[in-house]
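Here is the file start_11.txt (compact mmCIF, C-alpha atoms).
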```
# COMPACT_ATOMS: atom_id res chain seq x y z
CA MET A 1 29.72 9.02 5.61
CA ASN A 2 28.58 7.67 2.25
CA LEU A 3 25.42 5.67 2.92
CA LYS A 4 24.46 2.90 0.52
CA TYR A 5 20.70 2.89 0.20
CA VAL A 6 20.77 -0.22 -2.02
CA ASP A 7 23.40 -2.68 -3.18
CA ASP A 8 25.22 -1.61 -6.34
CA ASN A 9 24.41 -5.01 -7.84
CA LEU A 10 20.66 -4.64 -7.33
CA TYR A 11 18.73 -3.87 -10.52
CA ARG A 12 17.24 -0.39 -10.09
CA ARG A 13 15.47 1.68 -12.74
CA ILE A 14 13.61 4.98 -12.50
CA ASP A 15 10.85 5.65 -15.01
CA GLY A 16 7.83 7.92 -15.09
CA TRP A 17 5.25 9.55 -17.28
CA GLN A 18 2.82 12.42 -17.47
CA SER A 19 -0.25 10.86 -15.93
CA PRO A 20 -3.38 11.54 -17.99
CA THR A 21 -5.46 10.80 -14.91
CA LEU A 22 -3.65 13.13 -12.51
CA GLY A 23 -2.38 15.69 -15.01
CA GLN A 24 1.15 15.64 -13.60
CA TYR A 25 4.40 13.75 -13.94
CA MET A 26 4.46 10.64 -11.77
CA PRO A 27 7.76 8.77 -11.27
CA ILE A 28 8.18 5.10 -10.44
CA VAL A 29 11.25 3.14 -9.41
CA THR A 30 11.75 -0.59 -9.96
CA TYR A 31 13.97 -2.80 -7.80
CA GLY A 32 14.89 -6.34 -8.79
CA HIS A 33 14.91 -8.33 -11.99
CA ALA A 34 12.24 -10.98 -11.35
CA GLY A 35 9.72 -12.33 -8.87
CA HIS A 36 6.29 -11.48 -7.55
CA PRO A 37 5.51 -7.78 -8.13
CA LEU A 38 5.12 -5.73 -4.97
CA LEU A 39 3.89 -2.13 -5.05
CA LEU A 40 5.28 0.09 -2.28
CA PHE A 41 3.43 3.20 -1.13
CA PRO A 42 5.18 5.96 0.83
CA THR A 43 4.10 7.36 4.19
CA ALA A 44 2.19 10.63 4.65
CA SER A 45 3.21 13.18 2.01
CA ALA A 46 6.47 11.52 1.00
CA ASP A 47 7.80 10.60 -2.43
CA TYR A 48 8.61 7.50 -4.45
CA LEU A 49 12.17 7.23 -3.08
CA GLU A 50 11.23 7.42 0.60
CA ASN A 51 11.17 3.64 1.03
CA GLU A 52 14.71 3.56 -0.35
CA ARG A 53 16.01 6.46 1.77
CA PHE A 54 14.71 4.86 4.96
CA PHE A 55 16.24 1.49 4.03
CA LEU A 56 12.96 -0.42 3.66
CA VAL A 57 14.14 -1.55 0.23
CA LYS A 58 17.48 -2.52 1.77
CA SER A 59 15.62 -4.71 4.28
CA ILE A 60 14.19 -6.86 1.48
CA GLU A 61 17.32 -6.95 -0.69
CA PRO A 62 17.78 -10.72 -0.24
CA HIS A 63 14.32 -11.28 -1.74
CA LEU A 64 15.02 -8.85 -4.57
CA MET A 65 18.49 -10.16 -5.38
CA ALA A 66 17.22 -13.75 -5.40
CA GLY A 67 14.51 -12.91 -7.92
CA ARG A 68 11.68 -13.78 -5.54
CA VAL A 69 10.26 -10.24 -5.43
CA ARG A 70 10.30 -7.32 -7.85
CA ALA A 71 9.38 -4.08 -6.05
CA PHE A 72 7.90 -0.91 -7.49
CA SER A 73 7.67 2.33 -5.51
CA ILE A 74 5.51 5.32 -6.44
CA ASP A 75 4.65 8.83 -5.24
CA SER A 76 1.60 9.58 -3.18
CA ILE A 77 -0.44 12.74 -3.75
CA ASN A 78 -1.42 13.10 -0.08
CA ARG A 79 0.29 16.48 0.05
CA GLN A 80 -2.18 17.68 -2.59
CA ALA A 81 -5.18 15.99 -1.00
CA TRP A 82 -5.68 14.78 2.59
CA MET A 83 -2.56 16.49 3.94
CA ASP A 84 -3.44 19.94 2.55
CA GLU A 85 -5.97 21.53 4.89
CA LYS A 86 -6.51 24.41 2.48
CA VAL A 87 -8.19 22.02 0.01
CA PRO A 88 -11.93 21.47 0.68
CA VAL A 89 -12.91 17.91 1.58
CA PRO A 90 -14.90 17.27 -1.64
CA GLU A 91 -11.81 18.19 -3.67
CA GLN A 92 -9.54 16.14 -1.43
CA ALA A 93 -11.81 13.15 -2.01
CA ARG A 94 -11.92 13.77 -5.75
CA ARG A 95 -8.12 13.81 -5.88
CA GLN A 96 -7.97 10.58 -3.86
CA ALA A 97 -10.35 8.94 -6.33
CA LEU A 98 -8.13 10.07 -9.21
CA TYR A 99 -5.09 8.64 -7.43
CA ALA A 100 -6.81 5.28 -7.07
CA ARG A 101 -7.59 5.36 -10.81
CA TYR A 102 -3.97 6.22 -11.58
CA VAL A 103 -2.80 3.16 -9.64
CA GLU A 104 -5.37 0.85 -11.21
CA GLU A 105 -5.30 2.13 -14.79
CA GLU A 106 -1.68 3.28 -15.21
CA VAL A 107 0.59 1.69 -12.62
CA VAL A 108 -0.78 -1.85 -12.94
CA PRO A 109 -0.37 -1.96 -16.75
CA TYR A 110 3.19 -0.64 -16.35
CA ILE A 111 4.03 -3.32 -13.78
CA ARG A 112 2.51 -6.03 -15.95
CA TYR A 113 4.52 -4.81 -18.94
CA VAL A 114 7.77 -4.84 -16.94
CA CYS A 115 6.99 -8.32 -15.62
CA GLY A 116 6.10 -9.58 -19.10
CA ASN A 117 2.81 -10.93 -17.81
CA HIS A 118 -0.35 -9.04 -18.67
CA GLN A 119 -2.50 -10.99 -16.23
CA ILE A 120 -0.29 -11.07 -13.14
CA ARG A 121 -1.78 -9.72 -9.93
CA VAL A 122 0.30 -7.41 -7.77
CA GLY A 123 1.05 -7.30 -4.05
CA THR A 124 0.86 -4.04 -2.10
CA THR A 125 2.56 -2.76 1.02
CA GLY A 126 3.18 0.40 2.98
CA ALA A 127 3.41 1.81 6.47
CA SER A 128 1.17 4.38 8.17
CA TRP A 129 -0.52 6.29 5.33
CA GLY A 130 1.11 3.81 2.97
CA ALA A 131 -0.75 1.00 4.74
CA TYR A 132 -4.05 2.76 4.09
CA HIS A 133 -3.23 3.08 0.39
CA ALA A 134 -1.97 -0.50 0.18
CA ALA A 135 -5.13 -1.88 1.79
CA ASN A 136 -7.53 0.38 -0.10
CA THR A 137 -5.84 -0.57 -3.36
CA LEU A 138 -6.28 -4.31 -2.75
CA PHE A 139 -9.83 -4.08 -1.39
CA ARG A 140 -11.02 -1.92 -4.30
CA ARG A 141 -9.59 -4.19 -7.01
CA PRO A 142 -8.75 -7.74 -5.91
CA ASP A 143 -8.87 -8.69 -9.57
CA LEU A 144 -5.67 -6.66 -10.03
CA PHE A 145 -4.05 -7.20 -6.62
CA ASP A 146 -3.59 -10.40 -4.64
CA THR A 147 -1.70 -9.57 -1.43
CA VAL A 148 -1.43 -6.76 1.09
CA ILE A 149 1.10 -6.29 3.89
CA ALA A 150 -0.35 -3.29 5.75
CA MET A 151 1.98 -2.03 8.48
CA SER A 152 0.92 0.32 11.28
CA GLY A 153 -2.02 1.61 9.31
CA PHE A 154 -5.50 3.06 9.66
CA TYR A 155 -8.43 2.16 7.45
CA ASP A 156 -11.18 4.66 8.22
CA LEU A 157 -10.68 8.23 7.00
CA GLU A 158 -13.94 9.51 8.41
CA PRO A 159 -12.88 10.49 11.96
CA LEU A 160 -10.00 12.76 10.99
CA TYR A 161 -10.49 13.74 7.36
CA PHE A 162 -14.10 13.79 6.13
CA LYS A 163 -15.31 16.44 8.62
CA GLY A 164 -18.92 15.30 8.31
CA TYR A 165 -18.89 15.27 4.50
CA THR A 166 -19.49 12.26 2.30
CA ASP A 167 -19.90 11.43 -1.38
CA ASP A 168 -19.04 8.49 -3.64
CA ASN A 169 -15.36 9.47 -3.74
CA CYS A 170 -15.24 9.33 0.05
CA PHE A 171 -17.29 6.14 0.31
CA PHE A 172 -15.43 4.07 -2.27
CA ASN A 173 -12.01 5.01 -0.89
CA ASN A 174 -12.82 4.30 2.74
CA PRO A 175 -12.48 0.57 3.47
CA ALA A 176 -14.39 0.87 6.75
CA TRP A 177 -17.41 2.02 4.74
CA TYR A 178 -17.42 -0.02 1.54
CA LEU A 179 -16.17 -3.39 2.81
CA PRO A 180 -19.28 -4.19 4.91
CA GLY A 181 -21.52 -3.97 1.84
CA MET A 182 -19.22 -5.70 -0.63
CA SER A 183 -20.67 -8.60 -2.61
CA GLY A 184 -20.18 -10.54 -5.81
CA HIS A 185 -16.95 -11.36 -7.63
CA TYR A 186 -14.68 -9.01 -5.68
CA LEU A 187 -15.88 -10.44 -2.37
CA ASP A 188 -15.26 -13.95 -3.68
CA LEU A 189 -11.72 -12.98 -4.63
CA LEU A 190 -11.05 -11.46 -1.21
CA ARG A 191 -12.38 -14.61 0.43
CA HIS A 192 -10.61 -17.17 -1.72
CA ALA A 193 -7.75 -15.64 -3.72
CA CYS A 194 -6.03 -12.96 -1.61
CA SER A 195 -3.53 -12.83 1.24
CA ILE A 196 -4.43 -10.05 3.68
CA ASN A 197 -1.83 -9.27 6.36
CA ILE A 198 -2.53 -6.54 8.89
CA VAL A 199 0.34 -5.87 11.27
CA SER A 200 0.84 -3.17 13.88
CA GLY A 201 2.91 -2.45 16.92
CA GLN A 202 1.34 -1.44 20.21
CA GLY A 203 3.97 1.05 21.32
CA ALA A 204 4.46 4.81 20.87
CA TYR A 205 2.31 6.47 18.20
CA GLU A 206 0.86 3.17 17.04
CA ALA A 207 -2.92 2.67 16.66
CA PRO A 208 -3.52 -1.06 17.04
CA GLU A 209 -7.26 -0.50 17.45
CA ALA A 210 -7.39 0.63 13.81
CA SER A 211 -6.04 -2.77 12.79
CA ARG A 212 -8.41 -4.57 15.16
CA SER A 213 -11.36 -2.64 13.72
CA LEU A 214 -10.46 -3.60 10.16
CA ALA A 215 -10.01 -7.22 11.25
CA ARG A 216 -13.50 -7.23 12.77
CA ILE A 217 -14.99 -6.04 9.48
CA LEU A 218 -13.10 -8.70 7.54
CA THR A 219 -14.21 -11.40 9.99
CA GLU A 220 -17.85 -10.33 9.66
CA LYS A 221 -17.53 -10.61 5.86
CA GLY A 222 -15.92 -14.05 6.04
CA ILE A 223 -12.65 -12.72 4.56
CA PRO A 224 -9.57 -14.62 5.80
CA HIS A 225 -6.78 -12.42 7.09
CA ASP A 226 -3.83 -12.35 9.46
CA LEU A 227 -4.06 -9.77 12.25
CA ASP A 228 -0.63 -9.59 13.87
CA LEU A 229 -0.17 -7.17 16.77
CA TRP A 230 3.46 -6.87 17.79
CA GLY A 231 4.57 -5.88 21.29
CA HIS A 232 4.15 -2.75 23.37
CA ASP A 233 7.80 -1.95 22.67
CA VAL A 234 7.07 -1.76 18.93
CA ASN A 235 6.57 1.88 17.96
CA HIS A 236 5.47 3.71 14.83
CA ASP A 237 8.83 3.97 13.10
CA TRP A 238 11.02 2.67 10.32
CA PRO A 239 13.23 0.27 12.31
CA TRP A 240 10.16 -1.86 13.01
CA TRP A 241 8.81 -1.66 9.46
CA ARG A 242 12.22 -2.86 8.28
CA LYS A 243 11.60 -5.96 10.40
CA MET A 244 7.94 -6.45 9.50
CA LEU A 245 8.21 -6.43 5.72
CA PRO A 246 10.93 -9.08 5.26
CA TYR A 247 9.26 -11.19 7.96
CA TYR A 248 6.03 -11.24 5.94
CA LEU A 249 7.77 -11.84 2.63
CA ASP A 250 9.38 -14.91 4.21
CA LYS A 251 6.03 -15.97 5.64
CA LEU A 252 4.46 -15.70 2.19
CA GLY A 253 7.31 -17.74 0.69
CA TRP A 254 8.37 -14.90 -1.60
```
Just dump the structure as structure tokens.
Amino acid sequence: MNLKYVDDNLYRRIDGWQSPTLGQYMPIVTYGHAGHPLLLFPTASADYLENERFFLVKSIEPHLMAGRVRAFSIDSINRQAWMDEKVPVPEQARRQALYARYVEEEVVPYIRYVCGNHQIRVGTTGASWGAYHAANTLFRRPDLFDTVIAMSGFYDLEPLYFKGYTDDNCFFNNPAWYLPGMSGHYLDLLRHACSINIVSGQGAYEAPEASRSLARILTEKGIPHDLDLWGHDVNHDWPWWRKMLPYYLDKLGW
């Protein structure tokens, strides 16, 4: 059976470059010809085409084809950092910090160039590990990003990954740690100029308490957000993420 991951008529372009920040080639794929930019992160240790292979891109094709959304999907480096137990935690955290810089200093300028708007802010989304990256990316730099749709995520790396260690790379890439102390311009942007959407199922392999915990932090900081816990039949898997993402794009009016 010849599966069609995306419509033949959908604009799709693969680019990439040797990242000076990460010291390796990093690909990126663009879907759609116009609309609000949306950066897609993969799950766990997956690659930049995972969201296409699992039909998440297909699920938002109407938005892409209509020019309401232009999606960009990138690699993670989790397999070289948090997912590689042979790498010491300080080095894992250093690599995570470099990845955040890559997104902020390389991916955003690329997206702005493609969109022909050098001031446009970008939306983020992802599921599971991708939700962590999507949320961390927005919370770190709300001057560059304006929306997050975080699906089935977790937002505190400390319990499973830090193993008692901490440094600035850990702290400033762990939303559960840096959000409570945030102040100034970035806090103002999160309060007044961002759309924060935290959605999770409550079924098999989901962790709704992680979403509730993040929502409590945001509430304490006076940051508006939408916490949306779907039913106990909603498990941690692609069929549900393929429902969540287009639902939220419609809700946003994209």
Could you list, with a cut-off of 8 Å and counting only C-alpha atoms, the residues of segment 2-46 of chain A near segment 124-142 of chain A, each shown with its nearest atom pair and the distance in Å rounded to one decimal, rows sorted by chain and ascending number, as CSV?
```
residue,atom,partner,partner_atom,distance
A:Leu38,CA,A:Thr124,CA,5.4
A:Leu39,CA,A:Thr124,CA,4.6
A:Leu40,CA,A:Thr125,CA,5.1
A:Phe41,CA,A:Gly130,CA,4.8
A:Pro42,CA,A:Gly130,CA,5.1
A:Thr43,CA,A:Gly130,CA,4.8
A:Ala44,CA,A:Trp129,CA,5.2
```
Please report the interatomic distance between atom CA of Gly181 of chain A and atom CA of Pro208 of chain A in Å with one decimal.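 According to the coordinates, atom CA of Gly181 of chain A and atom CA of Pro208 of chain A are separated by 23.7 Å.
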So, counting only C-alpha atoms, which residue among A:Trp254, A:Pro239, A:Ala207, A:Ile198 is closest to Leu227 of chain A? A:Ile198
Nearest-residue call for Tyr155 of chain A, choices A:Tyr205, A:Ala215, A:His36, A:Arg12, using all atoms listed in the file: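 Between A:Tyr205, A:Ala215, A:His36, A:Arg12, the residue approaching Tyr155 of chain A most closely is A:Ala215.
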One residue among A:Met83, A:Arg68, A:Tyr31, A:Gln202 is nearest to Leu229 of chain A when using all atoms listed in the file, and that residue is A:Gln202
With distances taken over only C-alpha atoms, which of A:Tyr99, A:Tyr5, A:Trp17, A:Tyr113 is nearest to Glu61 of chain A? A:Tyr5
Please measure the separation of atom CA of His236 of chain A and atom CA of Gly201 of chain A, giving the value in Å to one decimal. 7.0 Å
Given all atoms listed in the file as the counted atoms, nearest of A:Val57, A:Ala71, A:Ile14, A:Ile120 to Trp241 of chain A: A:Val57
